$ cat entry_25.txt   # compact mmCIF, C-alpha atoms
# COMPACT_ATOMS: atom_id res chain seq x y z
CA MET F 1 20.56 -3.10 -20.37
CA LYS F 2 22.64 -2.43 -17.26
CA GLN F 3 19.53 -2.50 -15.07
CA LEU F 4 18.30 -5.76 -16.62
CA THR F 5 21.69 -7.44 -16.09
CA ILE F 6 21.77 -6.43 -12.42
CA LEU F 7 18.17 -7.59 -11.91
CA LEU F 8 18.73 -11.00 -13.51
CA ALA F 9 21.95 -11.60 -11.59
CA LEU F 10 20.35 -10.78 -8.25
CA LEU F 11 17.22 -12.82 -8.90
CA CYS F 12 19.21 -15.84 -10.08
CA SER F 13 21.42 -15.78 -6.99
CA THR F 14 18.38 -15.26 -4.74
CA PHE F 15 16.49 -18.25 -6.16
CA ALA F 16 19.63 -20.39 -5.98
CA PHE F 17 20.09 -19.58 -2.28
CA ALA F 18 16.43 -20.42 -1.67
CA GLN F 19 17.08 -24.11 -2.25
CA THR F 20 19.24 -24.37 0.91
CA LYS F 21 17.42 -25.87 3.89
CA THR F 22 17.64 -23.44 6.77
CA ASP F 23 15.59 -21.92 9.54
CA SER F 24 12.16 -20.34 9.22
CA ILE F 25 11.83 -16.58 8.82
CA GLN F 26 9.89 -13.96 10.71
CA LEU F 27 8.20 -12.58 7.59
CA ASP F 28 5.97 -15.59 6.95
CA PRO F 29 2.93 -14.11 5.13
CA GLN F 30 0.58 -16.49 6.95
CA LYS F 31 1.74 -15.16 10.32
CA GLN F 32 2.19 -11.52 9.35
CA ILE F 33 -0.33 -9.05 10.76
CA ASN F 34 -0.67 -5.28 10.54
CA ALA F 35 -1.03 -2.72 13.32
CA ALA F 36 -4.83 -2.85 13.54
CA GLN F 37 -4.86 -6.66 13.55
CA ARG F 38 -2.31 -6.69 16.36
CA LEU F 39 -4.49 -4.42 18.51
CA LEU F 40 -7.61 -6.45 17.75
CA SER F 41 -6.09 -9.90 18.29
CA GLY F 42 -4.01 -9.30 21.41
CA ASN F 43 -5.00 -11.01 24.66
CA TYR F 44 -4.25 -8.06 26.91
CA ALA F 45 -4.92 -7.79 30.64
CA SER F 46 -5.77 -4.10 30.26
CA ALA F 47 -8.66 -2.79 28.17
CA VAL F 48 -6.38 -0.08 26.76
CA THR F 49 -3.57 -0.95 24.32
CA VAL F 50 -1.00 1.37 22.77
CA GLY F 51 1.72 1.10 20.18
CA ALA F 52 3.49 2.99 17.42
CA TYR F 53 5.44 2.70 14.20
CA GLY F 54 7.65 5.19 12.45
CA GLU F 55 10.23 5.77 9.73
CA MET F 56 13.20 8.13 9.51
CA LEU F 57 14.68 8.30 6.00
CA TYR F 58 17.56 9.66 3.98
CA ASN F 59 17.06 10.05 0.21
CA GLN F 60 19.92 11.01 -2.13
CA PRO F 61 18.94 11.50 -5.81
CA GLU F 62 21.86 11.29 -8.20
CA ALA F 63 23.68 14.64 -8.59
CA GLN F 64 21.33 16.34 -6.10
CA ASN F 65 21.37 17.23 -2.42
CA GLY F 66 20.18 14.57 -0.04
CA GLU F 67 17.12 14.92 2.20
CA LEU F 68 16.64 13.76 5.80
CA ASP F 69 13.07 13.33 6.98
CA VAL F 70 11.01 11.91 9.81
CA GLN F 71 8.66 10.63 7.14
CA ARG F 72 6.00 9.40 9.50
CA LEU F 73 5.28 8.59 13.13
CA VAL F 74 2.02 6.77 13.80
CA LEU F 75 0.57 6.36 17.28
CA LEU F 76 -1.72 3.36 17.81
CA PHE F 77 -4.50 3.20 20.37
CA GLY F 78 -7.02 0.45 21.04
CA TYR F 79 -9.79 -0.02 23.58
CA ARG F 80 -11.68 -3.21 24.41
CA PHE F 81 -15.20 -2.43 25.65
CA ASP F 82 -16.11 -6.08 26.14
CA ASP F 83 -15.29 -9.48 24.63
CA ARG F 84 -16.94 -8.52 21.33
CA THR F 85 -16.54 -4.78 20.91
CA GLN F 86 -13.29 -2.89 20.26
CA PHE F 87 -12.14 0.48 18.99
CA VAL F 88 -8.93 1.01 16.99
CA THR F 89 -7.34 4.27 15.89
CA GLU F 90 -4.07 5.41 14.32
CA VAL F 91 -2.91 9.03 14.52
CA GLU F 92 -0.22 9.86 11.99
CA PHE F 93 2.35 12.66 12.04
CA GLU F 94 3.90 13.13 8.58
CA HIS F 95 7.14 15.08 8.07
CA VAL F 96 6.83 16.32 11.68
CA GLU F 97 4.33 19.08 10.75
CA GLU F 98 1.25 17.32 9.30
CA VAL F 99 -1.28 15.38 11.39
CA PHE F 100 -3.81 12.88 10.02
CA VAL F 101 -6.11 10.20 11.41
CA GLU F 102 -5.18 7.11 9.44
CA GLN F 103 -7.75 4.75 10.96
CA ALA F 104 -10.58 5.08 13.49
CA PHE F 105 -13.15 2.29 13.55
CA VAL F 106 -15.29 0.13 15.81
CA ASN F 107 -15.04 -3.65 15.38
CA TYR F 108 -17.90 -5.86 16.61
CA ASN F 109 -17.40 -9.62 16.67
CA ALA F 110 -20.91 -10.75 15.74
CA ALA F 111 -20.02 -14.43 15.19
CA PRO F 112 -16.90 -16.66 15.01
CA ASN F 113 -16.51 -15.92 11.29
CA LEU F 114 -18.04 -12.46 11.17
CA ASN F 115 -16.89 -9.03 12.32
CA ILE F 116 -18.84 -5.86 11.59
CA ARG F 117 -16.81 -2.67 11.24
CA GLY F 118 -17.63 0.99 10.84
CA GLY F 119 -15.50 4.14 10.68
CA LEU F 120 -12.34 5.28 8.92
CA MET F 121 -10.65 2.19 7.49
CA LEU F 122 -8.02 1.08 5.01
CA VAL F 123 -9.31 0.08 1.58
CA PRO F 124 -8.12 -3.56 1.11
CA MET F 125 -6.34 -3.19 -2.24
CA GLY F 126 -3.02 -4.97 -2.78
CA ILE F 127 -0.40 -5.63 -0.08
CA ILE F 128 1.17 -2.36 1.07
CA ASN F 129 -2.07 -0.45 1.63
CA GLU F 130 -2.86 -2.83 4.49
CA PHE F 131 0.68 -3.91 5.47
CA HIS F 132 2.81 -0.75 5.43
CA GLU F 133 4.50 -0.90 8.83
CA PRO F 134 8.25 -0.50 8.14
CA THR F 135 9.24 -3.95 9.44
CA THR F 136 6.79 -5.74 7.09
CA PHE F 137 8.32 -4.81 3.71
CA ASN F 138 11.71 -4.55 2.03
CA GLY F 139 12.97 -1.25 0.68
CA THR F 140 13.40 2.09 2.37
CA GLU F 141 10.49 3.48 0.37
CA ARG F 142 7.22 1.68 -0.30
CA PRO F 143 6.83 0.38 -3.88
CA ALA F 144 6.23 3.36 -6.18
CA MET F 145 3.31 1.69 -7.98
CA ASP F 146 1.43 1.50 -4.67
CA ASN F 147 1.88 5.24 -4.37
CA ALA F 148 0.73 6.03 -7.93
CA ILE F 149 -1.87 3.35 -8.73
CA VAL F 150 -3.50 2.07 -5.50
CA PRO F 151 -2.94 4.84 -4.00
CA THR F 152 -1.37 4.13 -0.59
CA THR F 153 -2.22 5.07 2.08
CA TRP F 154 -5.83 4.84 0.90
CA ARG F 155 -8.43 5.05 3.66
CA GLU F 156 -12.02 6.23 3.65
CA LEU F 157 -15.14 6.25 5.82
CA GLY F 158 -17.46 3.30 5.55
CA VAL F 159 -19.03 0.19 6.99
CA GLY F 160 -18.51 -3.48 6.22
CA VAL F 161 -17.81 -7.03 7.28
CA THR F 162 -14.66 -9.12 7.64
CA GLY F 163 -13.78 -12.60 8.81
CA ARG F 164 -12.17 -15.90 7.94
CA PHE F 165 -13.13 -19.53 7.41
CA ASN F 166 -10.14 -21.57 8.58
CA SER F 167 -11.72 -24.82 7.39
CA ILE F 168 -11.25 -23.65 3.79
CA SER F 169 -8.31 -21.27 4.49
CA LEU F 170 -10.18 -18.22 3.22
CA GLY F 171 -10.39 -14.69 4.61
CA TYR F 172 -12.81 -12.08 3.33
CA GLN F 173 -13.52 -8.34 3.55
CA ALA F 174 -16.39 -6.33 2.06
CA TYR F 175 -17.06 -2.62 2.65
CA LEU F 176 -19.14 0.29 1.43
CA PHE F 177 -16.99 3.45 1.34
CA ASN F 178 -17.35 7.01 0.20
CA GLY F 179 -15.48 7.45 -3.07
CA PHE F 180 -12.68 9.66 -4.35
CA LYS F 181 -13.52 13.35 -4.68
CA SER F 182 -12.97 14.23 -8.34
CA THR F 183 -14.03 17.90 -8.60
CA GLU F 184 -14.80 20.99 -6.57
CA ALA F 185 -15.73 24.61 -7.22
CA ASP F 186 -12.70 26.75 -8.03
CA GLY F 187 -14.18 29.89 -6.43
CA GLU F 188 -14.45 31.69 -9.76
CA GLY F 189 -17.56 30.00 -11.13
CA GLY F 190 -15.60 27.14 -12.68
CA VAL F 191 -14.71 23.57 -11.78
CA ALA F 192 -11.34 22.39 -10.51
CA GLY F 193 -10.21 18.80 -10.98
CA LYS F 194 -8.45 16.77 -8.30
CA LEU F 195 -7.35 13.84 -10.49
CA SER F 196 -4.52 13.94 -13.02
CA GLY F 197 -2.44 11.94 -15.46
CA SER F 198 0.74 12.01 -13.39
CA SER F 199 -0.73 10.97 -10.03
CA GLY F 200 -3.90 9.19 -11.13
CA LEU F 201 -6.53 8.97 -8.38
CA ARG F 202 -4.22 10.00 -5.53
CA GLY F 203 -5.40 13.62 -5.33
CA GLY F 204 -8.99 12.49 -4.81
CA ARG F 205 -8.50 10.68 -1.49
CA GLN F 206 -10.83 12.26 1.08
CA LYS F 207 -9.21 10.64 4.18
CA GLY F 208 -12.29 11.22 6.34
CA ILE F 209 -11.91 15.02 6.17
CA GLN F 210 -15.48 16.37 5.79
CA SER F 211 -15.93 13.79 3.05
CA THR F 212 -18.41 14.39 0.25
CA ILE F 213 -20.60 11.42 -0.73
CA ASP F 214 -23.39 11.02 -3.24
CA SER F 215 -23.10 7.28 -3.89
CA PRO F 216 -21.27 4.52 -1.97
CA ASN F 217 -18.47 2.48 -3.53
CA LEU F 218 -17.97 -1.27 -3.01
CA SER F 219 -14.60 -2.68 -1.95
CA THR F 220 -13.89 -6.40 -1.47
CA LYS F 221 -10.94 -8.69 -0.85
CA LEU F 222 -10.43 -12.47 -0.61
CA ASP F 223 -7.28 -13.99 0.92
CA TYR F 224 -6.37 -17.65 0.47
CA TYR F 225 -3.82 -19.21 2.84
CA GLY F 226 -4.29 -22.96 2.33
CA ILE F 227 -0.78 -23.67 0.95
CA PRO F 228 2.06 -23.55 3.53
CA GLY F 229 4.07 -20.36 3.22
CA LEU F 230 1.82 -18.85 0.55
CA ARG F 231 -0.84 -16.15 0.76
CA LEU F 232 -2.88 -15.10 -2.28
CA GLY F 233 -5.12 -12.05 -2.49
CA PHE F 234 -7.80 -10.84 -4.91
CA SER F 235 -9.15 -7.30 -4.47
CA THR F 236 -11.90 -5.35 -6.21
CA TYR F 237 -13.24 -1.80 -6.04
CA PHE F 238 -16.28 -0.50 -7.96
CA GLY F 239 -18.19 2.78 -7.99
CA ARG F 240 -18.00 6.43 -8.97
CA THR F 241 -16.14 9.44 -7.69
CA GLN F 242 -17.90 12.11 -5.66
CA ALA F 243 -18.51 15.76 -6.57
CA GLU F 244 -19.66 18.72 -4.51
CA ASP F 245 -23.30 19.84 -4.80
CA ASP F 246 -22.50 23.00 -6.75
CA VAL F 247 -20.56 21.18 -9.50
CA GLU F 248 -22.12 17.72 -9.74
CA GLN F 249 -24.62 18.88 -12.39
CA PHE F 250 -21.80 19.40 -14.92
CA ASP F 251 -21.05 16.63 -17.43
CA GLY F 252 -17.75 15.11 -16.43
CA ALA F 253 -17.89 16.15 -12.77
CA ASP F 254 -17.48 12.51 -11.74
CA ILE F 255 -16.04 9.36 -13.30
CA GLY F 256 -16.61 5.63 -12.93
CA ILE F 257 -13.98 3.32 -11.43
CA ALA F 258 -13.51 -0.44 -11.76
CA MET F 259 -10.29 -1.61 -10.10
CA PHE F 260 -8.98 -5.08 -9.35
CA GLY F 261 -5.77 -6.40 -7.89
CA LEU F 262 -3.93 -9.70 -7.54
CA ASP F 263 -1.19 -10.20 -4.96
CA ALA F 264 0.94 -13.03 -3.65
CA ARG F 265 3.39 -13.45 -0.76
CA TYR F 266 5.55 -16.52 -0.31
CA ALA F 267 8.07 -17.71 2.29
CA TYR F 268 10.23 -20.83 2.15
CA GLN F 269 12.78 -21.17 4.94
CA LYS F 270 15.12 -18.17 4.42
CA PHE F 271 13.62 -17.10 1.10
CA THR F 272 10.70 -14.70 0.59
CA ALA F 273 8.99 -13.41 -2.52
CA ARG F 274 6.03 -11.20 -3.30
CA GLY F 275 4.28 -9.87 -6.34
CA GLN F 276 1.36 -7.64 -7.18
CA PHE F 277 -0.74 -6.57 -10.17
CA ILE F 278 -3.25 -3.69 -10.14
CA HIS F 279 -5.49 -2.50 -12.98
CA ALA F 280 -8.03 0.33 -12.85
CA SER F 281 -10.46 1.17 -15.68
CA LEU F 282 -11.91 4.69 -15.55
CA SER F 283 -15.00 5.75 -17.49
CA ASP F 284 -16.14 9.24 -18.58
CA THR F 285 -12.56 10.56 -18.45
CA ASP F 286 -12.98 12.42 -21.77
CA ASP F 287 -15.80 14.53 -20.30
CA TYR F 288 -13.82 14.97 -17.09
CA ASN F 289 -10.74 16.25 -18.90
CA ASN F 290 -12.83 18.61 -21.04
CA LEU F 291 -14.49 20.04 -17.93
CA THR F 292 -11.42 20.40 -15.73
CA GLY F 293 -8.57 20.78 -18.22
CA SER F 294 -6.88 17.75 -16.70
CA ASN F 295 -5.16 14.86 -18.50
CA LEU F 296 -6.49 11.87 -16.57
CA GLY F 297 -5.98 8.54 -18.33
CA SER F 298 -8.77 6.00 -18.83
CA ALA F 299 -6.70 3.13 -17.43
CA LEU F 300 -4.04 2.80 -14.73
CA GLN F 301 -1.92 -0.34 -14.46
CA GLY F 302 1.16 -1.60 -12.65
CA TRP F 303 2.90 -4.69 -11.32
CA TYR F 304 6.02 -5.74 -9.45
CA LEU F 305 7.99 -8.85 -8.49
CA GLU F 306 10.39 -9.09 -5.56
CA GLY F 307 12.72 -11.75 -4.18
CA ALA F 308 14.67 -11.66 -0.90
CA TYR F 309 17.05 -13.98 0.96
CA ASN F 310 18.25 -13.94 4.57
CA VAL F 311 22.07 -14.13 4.36
CA LEU F 312 22.73 -14.60 8.09
CA PRO F 313 23.52 -18.08 9.54
CA VAL F 314 20.89 -20.55 10.64
CA GLY F 315 19.53 -19.83 14.11
CA ASN F 316 20.67 -16.22 14.26
CA ARG F 317 18.18 -14.03 16.11
CA GLN F 318 18.76 -11.21 13.66
CA LYS F 319 17.83 -11.27 9.96
CA LEU F 320 19.61 -9.62 7.03
CA PHE F 321 17.67 -9.78 3.78
CA ALA F 322 19.26 -9.03 0.42
CA PHE F 323 16.46 -8.19 -1.98
CA CYS F 324 15.65 -7.00 -5.47
CA ARG F 325 12.34 -5.59 -6.72
CA TYR F 326 11.33 -4.87 -10.32
CA GLU F 327 8.24 -2.72 -10.81
CA THR F 328 6.59 -1.05 -13.76
CA PHE F 329 3.50 1.16 -13.66
CA ASN F 330 1.67 3.48 -16.02
CA THR F 331 -0.96 6.08 -15.15
CA HIS F 332 -1.61 6.50 -18.88
CA ALA F 333 -1.98 2.80 -19.65
CA ASP F 334 -4.90 3.86 -21.85
CA THR F 335 -6.44 7.21 -22.80
CA ASP F 336 -9.80 8.19 -24.28
CA GLY F 337 -10.77 10.76 -26.87
CA ILE F 338 -8.14 13.17 -28.16
CA LEU F 339 -5.86 12.76 -25.15
CA THR F 340 -2.42 11.48 -26.15
CA ALA F 341 -0.65 9.14 -23.76
CA ASN F 342 2.30 10.77 -22.00
CA GLU F 343 5.28 8.39 -22.12
CA ALA F 344 6.72 10.03 -18.99
CA TYR F 345 3.88 8.41 -17.03
CA ASP F 346 5.06 4.92 -18.09
CA ARG F 347 7.62 4.30 -15.34
CA THR F 348 10.00 1.52 -14.29
CA ASP F 349 11.91 1.18 -11.00
CA VAL F 350 14.50 -1.45 -10.08
CA THR F 351 15.30 -1.42 -6.36
CA THR F 352 18.02 -3.54 -4.77
CA GLY F 353 19.40 -3.40 -1.25
CA LEU F 354 19.49 -4.78 2.29
CA THR F 355 16.94 -5.00 5.10
CA TYR F 356 18.54 -5.63 8.51
CA HIS F 357 16.22 -6.71 11.34
CA ILE F 358 18.42 -5.98 14.35
CA ALA F 359 15.64 -6.88 16.81
CA PRO F 360 11.94 -7.72 16.61
CA GLY F 361 10.31 -4.41 15.71
CA VAL F 362 13.50 -2.56 14.67
CA VAL F 363 14.82 -2.48 11.09
CA VAL F 364 17.65 -0.66 9.31
CA LYS F 365 17.40 -0.39 5.52
CA GLY F 366 19.57 0.66 2.61
CA ASP F 367 18.93 0.41 -1.11
CA TYR F 368 19.61 1.90 -4.53
CA GLN F 369 16.90 2.61 -7.10
CA PHE F 370 17.40 2.64 -10.86
CA ARG F 371 14.50 4.81 -12.06
CA SER F 372 13.39 5.48 -15.63
CA ASN F 373 10.39 6.12 -17.86
CA ALA F 374 9.45 5.47 -21.48
CA ALA F 375 10.17 9.10 -22.39
CA ASP F 376 13.78 8.89 -21.15
CA ASP F 377 13.04 11.94 -19.02
CA ALA F 378 16.28 13.34 -17.60
CA ASP F 379 14.40 14.57 -14.51
CA VAL F 380 13.97 10.98 -13.28
CA ALA F 381 17.13 10.48 -11.22
CA ASP F 382 18.43 7.25 -9.73
CA ARG F 383 18.34 7.38 -5.95
CA LEU F 384 20.22 6.10 -2.89
CA ASN F 385 18.09 5.56 0.23
CA PHE F 386 18.71 4.73 3.89
CA GLY F 387 16.20 4.37 6.69
CA ILE F 388 15.41 3.30 10.23
CA GLY F 389 12.01 1.82 11.06
CA VAL F 390 10.34 0.77 14.30
CA TRP F 391 7.07 -0.94 15.20
CA PHE F 392 5.81 -1.97 18.60

$ encode --input "entry_25.txt" --output "structure tokens"
Amino acid sequence: MKQLTILLALLCSTFAFAQTKTDSIQLDPQKQINAAQRLLSGNYASAVTVGAYGEMLYNQPEAQNGELDVQRLVLLFGYRFDDRTQFVTEVEFEHVEEVFVEQAFVNYNAAPNLNIRGGLMLVPMGIINEFHEPTTFNGTERPAMDNAIVPTTWRELGVGVTGRFNSISLGYQAYLFNGFKSTEADGEGGVAGKLSGSSGLRGGRQKGIQSTIDSPNLSTKLDYYGIPGLRLGFSTYFGRTQAEDDVEQFDGADIGIAMFGLDARYAYQKFTARGQFIHASLSDTDDYNNLTGSNLGSALQGWYLEGAYNVLPVGNRQKLFAFCRYETFNTHADTDGILTANEAYDRTDVTTGLTYHIAPGVVVKGDYQFRSNAADDADVADRLNFGIGVWF
């Protein structure tokens, strides 16, 4: 009840402030681009372009020690071979000690409305998976449902097409990717599962690391931007998971996936809002759980709504957004066979705080998260967060 009261009070005040006529904001969804788009669209004198983004965070769960972390530092590199052909890559350092390639693809501009891409790319599902640079979203941490359901950062190897038709205000993406890896040999003659009830599909991301593939998966997204200040997205993903050669003959070694997402971003003067809904239906999970001993659900689902308002005066170069986000997500939204849904996997987060843009490309954040689940699990602690983010 306390959480609901805080949420309603913040949202009511945010929507009331939104009616005041003030200056435009820098987070207009129709102008917002991500790191790869910036490298591809820039009119640079040099063929080589570089950049970076990074986040340094402090997390303080209630009644626990706090943690300081250089959560990620991502180095961006682009090269323009000619007027049509470019290469983009992102090299990510996580928690100082882990190194990943987040993107590495070639983009060929075949026609005014058609680009052909191949390599390691982001799967276009939802908002955060494509727009996760720290200055592009409110909250010290990314929305939890994007971590558990999407799962961000989700990237795989593939090939596809992308473009936009400005005459009808429509952008499109369509790719063939390798799928999640669901099983592997456990070294003792058995089969180990990589997917679970608590984290859903997250453990199956292959990230371009010697990826196994036996059938391609189809990923698509449409973006509509014909209404001033509004951007609407519709994403789909269809296919099956992948299994290694020595285990794919077992019943339940792979599962089917049908995922779709709806997202919206809106900006009116000093007010911004965004929302997202993701649903994934998984088939053959009963066989998968019997084979691996896992507890993977047959449906994953989550959504969130967020409102934010810039409280600084009109014309100020800096921006200070007060925001509130309500999100609920369940990795056991449905279960097959004898598997009983675990109420601890039905989670709700309410996040409220401030996002201070002290300069273009530099943001300071602070927020408090009220976290709970349907099982009233005492291990789910509320959390105080602070962070510094940069992007250039």

$ residues_around --input "entry_25.txt" --residues "F:Gln103" --least-positions-apart "3" --cutoff "9 Å" --atoms "all atoms listed in the file" --output "mmCIF file with C-alpha atoms, in the coordinates of the input"
data_model
loop_
_atom_site.group_PDB
_atom_site.id
_atom_site.type_symbol
_atom_site.label_atom_id
_atom_site.label_comp_id
_atom_site.auth_asym_id
_atom_site.auth_seq_id
_atom_site.Cartn_x
_atom_site.Cartn_y
_atom_site.Cartn_z
ATOM 1 C CA ALA F 36 -4.830 -2.850 13.540
ATOM 2 C CA VAL F 88 -8.930 1.010 16.990
ATOM 3 C CA THR F 89 -7.340 4.270 15.890
ATOM 4 C CA GLU F 90 -4.070 5.410 14.320
ATOM 5 C CA VAL F 91 -2.910 9.030 14.520
ATOM 6 C CA GLY F 119 -15.500 4.140 10.680
ATOM 7 C CA LEU F 120 -12.340 5.280 8.920
ATOM 8 C CA MET F 121 -10.650 2.190 7.490
ATOM 9 C CA LEU F 122 -8.020 1.080 5.010
ATOM 10 C CA ARG F 155 -8.430 5.050 3.660
ATOM 11 C CA GLU F 156 -12.020 6.230 3.650
#

$ atom_distance --input "entry_25.txt" --atom1 "atom CA of F:Asp146" --atom2 "atom CA of F:Phe131"
11.5 Å

$ closest_atom_pairs --input "entry_25.txt" --of "stretch 221-286 of chain F" --to "stretch 162-183 of chain F" --cutoff "6 Å" --atoms "all atoms listed in the file" --output "JSON lines"
{"residue": "F:Lys221", "atom": "CA", "partner": "F:Gln173", "partner_atom": "CA", "distance": 5.1}
{"residue": "F:Leu222", "atom": "CA", "partner": "F:Tyr172", "partner_atom": "CA", "distance": 4.6}
{"residue": "F:Asp223", "atom": "CA", "partner": "F:Gly171", "partner_atom": "CA", "distance": 4.9}
{"residue": "F:Tyr224", "atom": "CA", "partner": "F:Leu170", "partner_atom": "CA", "distance": 4.7}
{"residue": "F:Tyr225", "atom": "CA", "partner": "F:Ser169", "partner_atom": "CA", "distance": 5.2}
{"residue": "F:Gly226", "atom": "CA", "partner": "F:Ser169", "partner_atom": "CA", "distance": 4.9}
{"residue": "F:Thr241", "atom": "CA", "partner": "F:Phe180", "partner_atom": "CA", "distance": 4.8}
{"residue": "F:Gln242", "atom": "CA", "partner": "F:Lys181", "partner_atom": "CA", "distance": 4.7}
{"residue": "F:Ala243", "atom": "CA", "partner": "F:Thr183", "partner_atom": "CA", "distance": 5.4}
{"residue": "F:Ala253", "atom": "CA", "partner": "F:Thr183", "partner_atom": "CA", "distance": 5.9}
{"residue": "F:Asp254", "atom": "CA", "partner": "F:Ser182", "partner_atom": "CA", "distance": 5.9}

$ closest_residue --input "entry_25.txt" --among "F:Leu114, F:Val96, F:Ala47, F:Met259" --to "F:Asp83" --atoms "all atoms listed in the file"
F:Ala47

$ closest_residue --input "entry_25.txt" --among "F:Leu73, F:Asn385, F:Thr292, F:Ile128" --to "F:Ala264" --atoms "only C-alpha atoms"
F:Ile128

$ atom_distance --input "entry_25.txt" --atom1 "atom CA of F:Tyr326" --atom2 "atom CA of F:Gly197"
22.3 Å

$ residues_near_point --input "entry_25.txt" --point "(-6.8, 24.0, -18.4)" --cutoff "12 Å" --atoms "only C-alpha atoms" --output "ChimeraX atom specification"
/F:190-193,196,288-295

$ axis_aligned_box --input "entry_25.txt" --around "stretch 165-183 of chain F" --padding-each-side "4 Å" --output "AutoDock Vina command-line options"
--center_x -13.7 --center_y -3.5 --center_z 0.0 --size_x 18.8 --size_y 50.7 --size_z 25.2

$ residues_around --input "entry_25.txt" --residues "F:Gly366" --least-positions-apart "5" --cutoff "9 Å" --atoms "all atoms listed in the file" --output "JSON, numbers by chain"
{"F": [139, 140, 352, 353, 354, 355, 356, 384, 385, 386, 387]}

$ closest_residue --input "entry_25.txt" --among "F:Ile227, F:Phe271, F:Glu184, F:Arg325" --to "F:Phe250" --atoms "only C-alpha atoms"
F:Glu184

$ atom_distance --input "entry_25.txt" --atom1 "atom CA of F:Thr348" --atom2 "atom CA of F:Pro143"
10.9 Å
